[in-house]
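Heads up: the structure comes next, in structure tokens.
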Amino acid sequence: MKFPTNLQKMVPHTTETLNNERKKANFPIRDMESFMNGEKNIKLQEKALKIIRADPEIFDQRNIYFMSRNEKLEHSLRQEKKVQELLREKKIDANDISHIYSLLDWPSPFDLSRGMFIPTLEQQGTDEQKEAFLKPAKEYKIIGCYAQTEMGHGSNIRSLETTATFIEETDEFQINSPTLTSTKWWIGSLGIVSTHACVMAQLYVKGKHIGLFPIVVPIRSMIDHKPLPGVTVGDIGPKLGYNTMDNGFLNFNKVRVPRFNLLQKYITVTRNGTVSRPANINPRITYGTMVFVRANIAANMGRQLAKGITIAVRYTSVRRQFGESGQPETPVLDYSIVQYRVIPLLAKTYAMIGMSQEFFSEYEKTAALIDVGDFSKLKEMHAVSCGLKRWSSETTLYGVDTCRHVCGGHGFSMFSGLNEFFNGLYPNIIWEGDNYVLAKQTASYLVKSAHALRQRESVEVNDTTDMIRHFMNIDNQLTPQQLFTWSGKSAQQIAGDNSVLLDLLSLRAVSMVHDLAVKIYRKGQSWDDSSVPSQGIATAHSEYIVCLYFSRHIKKLSSNSPLRPILDILFKITALSFLTRNTGELYSLRNEAALTRAQINGLESEYIEYIKIAREQAVPLVDALGVPDEKLNSSLGRYDGNVYEDYMARALNEPLNRDGTGDEIRKRFYQQYIGPTLHHNEAQSGAKL
Ligand SMILES: Cc1cc2nc3c(=O)[nH]c(=O)nc-3n(C[C@H](O)[C@H](O)[C@H](O)COP(=O)(O)OP(=O)(O)OC[C@H]3O[C@@H](n4cnc5c(N)ncnc54)[C@H](O)[C@@H]3O)c2cc1C
């Protein structure tokens, strides 16, 4: 199919509009990219880009929107094979892989081996087990998955039914799936790829139930990849998205593995069946992999929202609707309601990326302490990682939904780059703990900490307990003026001072924690009945932590850095979006803490004003997020602004439109279905139009 090429050029052209937006930059874009993404990541991304550009036949993703599930799976397996070749040829190393897949922007069927199997072995295997399983996994001589969820249970892992029973006579464990619902389900990298599974099973030794522990089980032959005796394994079938991953099912019929395969860093079962655990062990440690994965999700979500917001900002900057007669129509981003939908998401993208850098370094400190047997930071890390995983996945997913909605009809096209992307992001709100369940974990830590402080028990010192301790002000050391730093100030003064905004965010969270603690500890409300307020508490706490960490990240810049003014504005937009979302929370703060009507109305106006300022920098700000066209895979978000030309080119490439194969399909459809409908009267009467 040919499309006319001699059409009039639109004036002003979208490329020109986008370039004019770039000229408005009041900060150095490259420096901003370096500050937000880090030079190391920029270099790794450049290297990954070179690799995928050098081999378009393997790595080009433009055509994925036309592919069936099996075609996608095959395309990604081909890519993984190439990645493995590059690894063996030492053209890339293990660090490059995540950058390559970040650009391809879909999962590899090997991902769970890298993302969960290997980390579990690292965290919970002994040195001998690392030699036996971790080493070959890192060399891709075996491929593994993390098999926890079952058809019948996901959130409530205590009720998992798969058993691992010690057989003393043969020095083995017998792995069994006693019921249909005990079949492992949803397991990534399992359906067609894995040779081994790290199976979470209920451990039984000498008839005694010990608890849930990970055990490595070979599942496919290392010779012909066929399932081993007693193992039934397959793919669970089509899903909303994430279709290059072979999520699978796995059923064991009394499969035996050596005792050695039970990961024994935190539990030992001896030859004669004596069970022991190291002293002072924190029972949460076996969930260490989940904390790691949640921390990773929280850290990665900002990079994902960066893609969505880049597309939305560039497109709404060049998309024109209505306007003054005789003038070019108005870019839709100039409408305040469009700004109101887009700019806070841009601000939150920056906040999320800034937060994640601070948070991940906290995670690394915790992991290093755990390695030397110090679990003192694990409780808070667990609570914060649950909260931030929940907040960042929800903000990103629904943020991307807003991005596609704000693109109007074209947002609904796969060529927007936002739909396959949205579907792939979706499981982030479910896996590694459903978000609603995670909120309860975070709230429980906060409420219990508040109660312990009230009882004057010793409570570990960290950002969360500091926040509670400060506002509980148990011994009345602080005056109301010291506590309620906003009182007597105008909205402009409040919004102008980042530390006051942080105070407000933290009091908002502490006040919710206090209310729930009273209900639970004084009025006897059950934890289950507390799950509704727990959602609000987890959100308020995460929003405080996001702003706290983002502000710490900004403070790393010198006070006269040219990046600071706009980052400061993005901080304020983020904080004000949280504070003004439900102003009832601010009205209902108690006594001197409550804000006045004038302050609250004023904060809403300040919020809109800051959004207007940031709108002027929106295109430079998304440029500085450094998301290349390969990752965007979008007509609407292209760096050069050739939106409509690219959109048309992609439509012409639709299989139904292609010369040759498309002609054949259309001809067949016409002959079999369309023609007989159009001409059925002729067949009866012989009449022609
Ligand atoms: C694409 C994808 C990939 C996955 N990959 C893996 C993998 O590789 N390995 C693996 O082991 N698992 C994997 N999972 C499973 C995932 O971790 C679980 O789906 C998730 O933990 C939720 O559990 P569930 O599906 O059993 O939901 P359920 O627990 O059945 O939840 C159903 C509903 O009940 C609610 N609910 C449950 N309990 C409570 C409660 N106590 N209080 C209030 N509400 C509650 C939930 O919020 C939810 O709305 C994957 C899932 C998906 C979608």
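Simple scheme: letters A, B, ... for chains in structure tokens order, numbers from 1 for residues in each chain, numbers from 1 for ligands in the order shown.
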Spatial neighbours of segment 25-32 of chain A, max dist 9 Å, only C-alpha atoms, sep filter under 4 positions, as a ChimeraX atom specification
/A:21,36-37,562-566,616-621,623-626
May I have the residues within 12 Å of Ile337 of chain A as number ranges by chain, using only C-alpha atoms and disregarding those fewer than 3 positions away in the same chain?
A: 316, 332-334, 340-344, 406, 608, 611-612, 615
For the selection you just gave me, I'd like the residues written to a file as a PDB file, in the first residue's frame, keeping N, CA and C atoms.
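Once written, result29.pdb looks like this:
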```
ATOM      1  N   THR A 316       1.858  15.888  24.075  1.00  0.00           N
ATOM      2  CA  THR A 316       0.927  16.986  24.387  1.00  0.00           C
ATOM      3  C   THR A 316       1.556  18.349  24.083  1.00  0.00           C
ATOM      4  N   VAL A 332      -1.922  21.192  23.351  1.00  0.00           N
ATOM      5  CA  VAL A 332      -2.843  20.831  24.438  1.00  0.00           C
ATOM      6  C   VAL A 332      -2.179  20.943  25.812  1.00  0.00           C
ATOM      7  N   LEU A 333      -0.849  20.882  25.857  1.00  0.00           N
ATOM      8  CA  LEU A 333      -0.180  21.025  27.160  1.00  0.00           C
ATOM      9  C   LEU A 333      -0.333  22.441  27.720  1.00  0.00           C
ATOM     10  N   ASP A 334      -0.781  23.374  26.883  1.00  0.00           N
ATOM     11  CA  ASP A 334      -1.010  24.726  27.399  1.00  0.00           C
ATOM     12  C   ASP A 334      -2.346  24.850  28.127  1.00  0.00           C
ATOM     13  N   TYR A 340      -2.449  19.899  34.700  1.00  0.00           N
ATOM     14  CA  TYR A 340      -2.790  19.352  36.017  1.00  0.00           C
ATOM     15  C   TYR A 340      -2.698  17.824  36.021  1.00  0.00           C
ATOM     16  N   ARG A 341      -2.934  17.227  34.843  1.00  0.00           N
ATOM     17  CA  ARG A 341      -2.856  15.759  34.762  1.00  0.00           C
ATOM     18  C   ARG A 341      -1.426  15.289  34.514  1.00  0.00           C
ATOM     19  N   VAL A 342      -0.643  16.114  33.807  1.00  0.00           N
ATOM     20  CA  VAL A 342       0.671  15.647  33.350  1.00  0.00           C
ATOM     21  C   VAL A 342       1.811  16.069  34.283  1.00  0.00           C
ATOM     22  N   ILE A 343       1.820  17.335  34.676  1.00  0.00           N
ATOM     23  CA  ILE A 343       3.011  17.864  35.365  1.00  0.00           C
ATOM     24  C   ILE A 343       3.247  17.208  36.734  1.00  0.00           C
ATOM     25  N   PRO A 344       2.200  16.973  37.545  1.00  0.00           N
ATOM     26  CA  PRO A 344       2.488  16.274  38.807  1.00  0.00           C
ATOM     27  C   PRO A 344       3.108  14.892  38.578  1.00  0.00           C
ATOM     28  N   VAL A 406      -4.288  11.006  28.452  1.00  0.00           N
ATOM     29  CA  VAL A 406      -4.035  12.401  28.090  1.00  0.00           C
ATOM     30  C   VAL A 406      -3.615  12.520  26.612  1.00  0.00           C
ATOM     31  N   ILE A 608      -1.148  24.966  41.833  1.00  0.00           N
ATOM     32  CA  ILE A 608      -1.414  25.258  40.417  1.00  0.00           C
ATOM     33  C   ILE A 608      -0.329  26.188  39.861  1.00  0.00           C
ATOM     34  N   ILE A 611       2.771  24.265  39.127  1.00  0.00           N
ATOM     35  CA  ILE A 611       2.566  23.422  37.932  1.00  0.00           C
ATOM     36  C   ILE A 611       2.803  24.262  36.675  1.00  0.00           C
ATOM     37  N   LYS A 612       2.299  25.493  36.691  1.00  0.00           N
ATOM     38  CA  LYS A 612       2.469  26.367  35.512  1.00  0.00           C
ATOM     39  C   LYS A 612       3.949  26.637  35.252  1.00  0.00           C
ATOM     40  N   ARG A 615       5.566  23.588  33.768  1.00  0.00           N
ATOM     41  CA  ARG A 615       5.125  23.297  32.398  1.00  0.00           C
ATOM     42  C   ARG A 615       6.127  23.852  31.385  1.00  0.00           C
TER      43      ARG A 615
END
```
Distance query Ala164 of chain A at most 9 Å, only C-alpha atoms, self and fewer than 2 positions along chain excluded, as a ChimeraX atom specification:
/A:162,166,173-176,200-205,213,215
As a PyMOL selection string, please: the residues near Ile311 of chain A (cut-off 8 Å, only C-alpha atoms, same-chain neighbours under 2 positions excluded).
chain A and resi 307-309+313-315+403+416-417+632+634+636-638
Would you give me, as a Markdown table, each residue of chain A having an atom within 9 Å of an atom of ligand 1, along with its shortest atom pair and that distance in Å to one decimal, using only C-alpha atoms and all ligand atoms and sorting by chain and residue number?
```
| residue | atom | partner | partner_atom_place_in_ligand_line | distance |
| --- | --- | --- | --- | --- |
| A:Leu112 | CA | ligand 1 | 8 (O) | 6.4 |
| A:Met116 | CA | ligand 1 | 8 (O) | 7.7 |
| A:Cys145 | CA | ligand 1 | 8 (O) | 6.6 |
| A:Tyr146 | CA | ligand 1 | 9 (N) | 5.1 |
| A:Ala147 | CA | ligand 1 | 11 (O) | 4.4 |
| A:Gln148 | CA | ligand 1 | 11 (O) | 3.4 |
| A:Thr149 | CA | ligand 1 | 11 (O) | 3.8 |
| A:Glu150 | CA | ligand 1 | 26 (O) | 7.3 |
| A:Met151 | CA | ligand 1 | 26 (O) | 7.2 |
| A:Gly152 | CA | ligand 1 | 26 (O) | 6.7 |
| A:His153 | CA | ligand 1 | 26 (O) | 4.5 |
| A:Gly154 | CA | ligand 1 | 26 (O) | 2.9 |
| A:Ser155 | CA | ligand 1 | 29 (O) | 3.8 |
| A:Asn156 | CA | ligand 1 | 29 (O) | 6.1 |
| A:Ile157 | CA | ligand 1 | 21 (O) | 8.6 |
| A:Lys184 | CA | ligand 1 | 11 (O) | 7.5 |
| A:Trp185 | CA | ligand 1 | 12 (N) | 7.0 |
| A:Trp186 | CA | ligand 1 | 50 (C) | 4.7 |
| A:Ile187 | CA | ligand 1 | 8 (O) | 3.8 |
| A:Gly188 | CA | ligand 1 | 8 (O) | 3.9 |
| A:Ser189 | CA | ligand 1 | 8 (O) | 7.1 |
| A:Leu190 | CA | ligand 1 | 8 (O) | 8.0 |
| A:Val199 | CA | ligand 1 | 11 (O) | 8.5 |
| A:Met200 | CA | ligand 1 | 11 (O) | 8.2 |
| A:Lys239 | CA | ligand 1 | 1 (C) | 7.8 |
| A:Leu240 | CA | ligand 1 | 1 (C) | 8.8 |
| A:Gly241 | CA | ligand 1 | 1 (C) | 7.9 |
| A:Tyr242 | CA | ligand 1 | 1 (C) | 6.4 |
| A:Asn243 | CA | ligand 1 | 1 (C) | 8.7 |
| A:Met245 | CA | ligand 1 | 1 (C) | 8.1 |
| A:Asn247 | CA | ligand 1 | 3 (C) | 6.4 |
| A:Gly248 | CA | ligand 1 | 8 (O) | 8.5 |
| A:Gly424 | CA | ligand 1 | 1 (C) | 8.2 |
| A:Tyr426 | CA | ligand 1 | 1 (C) | 8.0 |
| A:Pro427 | CA | ligand 1 | 53 (C) | 4.8 |
| A:Asn428 | CA | ligand 1 | 53 (C) | 7.8 |
| A:Ile429 | CA | ligand 1 | 53 (C) | 8.7 |
| A:Ile430 | CA | ligand 1 | 20 (C) | 5.2 |
| A:Trp431 | CA | ligand 1 | 17 (O) | 3.7 |
| A:Glu432 | CA | ligand 1 | 17 (O) | 4.7 |
| A:Gly433 | CA | ligand 1 | 21 (O) | 4.3 |
| A:Asp434 | CA | ligand 1 | 22 (C) | 5.0 |
| A:Asn435 | CA | ligand 1 | 47 (O) | 6.5 |
| A:Tyr436 | CA | ligand 1 | 47 (O) | 4.7 |
| A:Val437 | CA | ligand 1 | 47 (O) | 5.3 |
| A:Leu438 | CA | ligand 1 | 47 (O) | 8.5 |
| A:Lys440 | CA | ligand 1 | 42 (N) | 7.7 |
| A:Asp528 | CA | ligand 1 | 42 (N) | 7.0 |
| A:Ser531 | CA | ligand 1 | 43 (C) | 6.7 |
| A:Val532 | CA | ligand 1 | 43 (C) | 9.0 |
```
If you run DSSP on this backbone, which residues of segment 120-325 of chain A come out as alpha helix (DSSP H), and could you give them as a PyMOL selection string?
chain A and resi 120-124+127-129+135-138+288-318
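If only C-alpha atoms are the atoms counted, then among A:Glu585, A:Asp105, A:Asp475, A:Glu592 the closest residue to Asp60 of chain A is A:Asp105.
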Neighbour list for Ile142 of chain A as a list in words, cut-off 6 Å, only C-alpha atoms, skip fewer than 4 positions in-chain
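Using only C-alpha atoms, the neighbours found are Pro136, Ala137 and Thr195 of chain A.
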Selection file, N, CA and C atoms, as a PDB file, in the first residue's frame:
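Once everything was written out, this is again-v4.pdb:
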```
ATOM      1  N   PRO A 136      26.916 -22.599  38.623  1.00  0.00           N
ATOM      2  CA  PRO A 136      26.375 -22.949  37.298  1.00  0.00           C
ATOM      3  C   PRO A 136      25.231 -22.041  36.854  1.00  0.00           C
ATOM      4  N   ALA A 137      24.460 -21.502  37.821  1.00  0.00           N
ATOM      5  CA  ALA A 137      23.361 -20.598  37.425  1.00  0.00           C
ATOM      6  C   ALA A 137      23.938 -19.320  36.834  1.00  0.00           C
ATOM      7  N   THR A 195      15.610 -25.329  34.263  1.00  0.00           N
ATOM      8  CA  THR A 195      16.055 -26.697  34.548  1.00  0.00           C
ATOM      9  C   THR A 195      15.895 -26.996  36.041  1.00  0.00           C
TER      10      THR A 195
END
```
Tell me, as a list in words, which residues lie within 12 Å of Asp497 of chain A, counting only C-alpha atoms; anything in the same chain fewer than 4 positions away does not count.
Thr485, Trp486, Lys489, Ser490, Ala491, Gln492, Gln493, Leu501, Leu502, Asp503, Leu504, Ser551, Asp568, Ile569, Phe571, Lys572, Ala575 and Leu576 of chain A
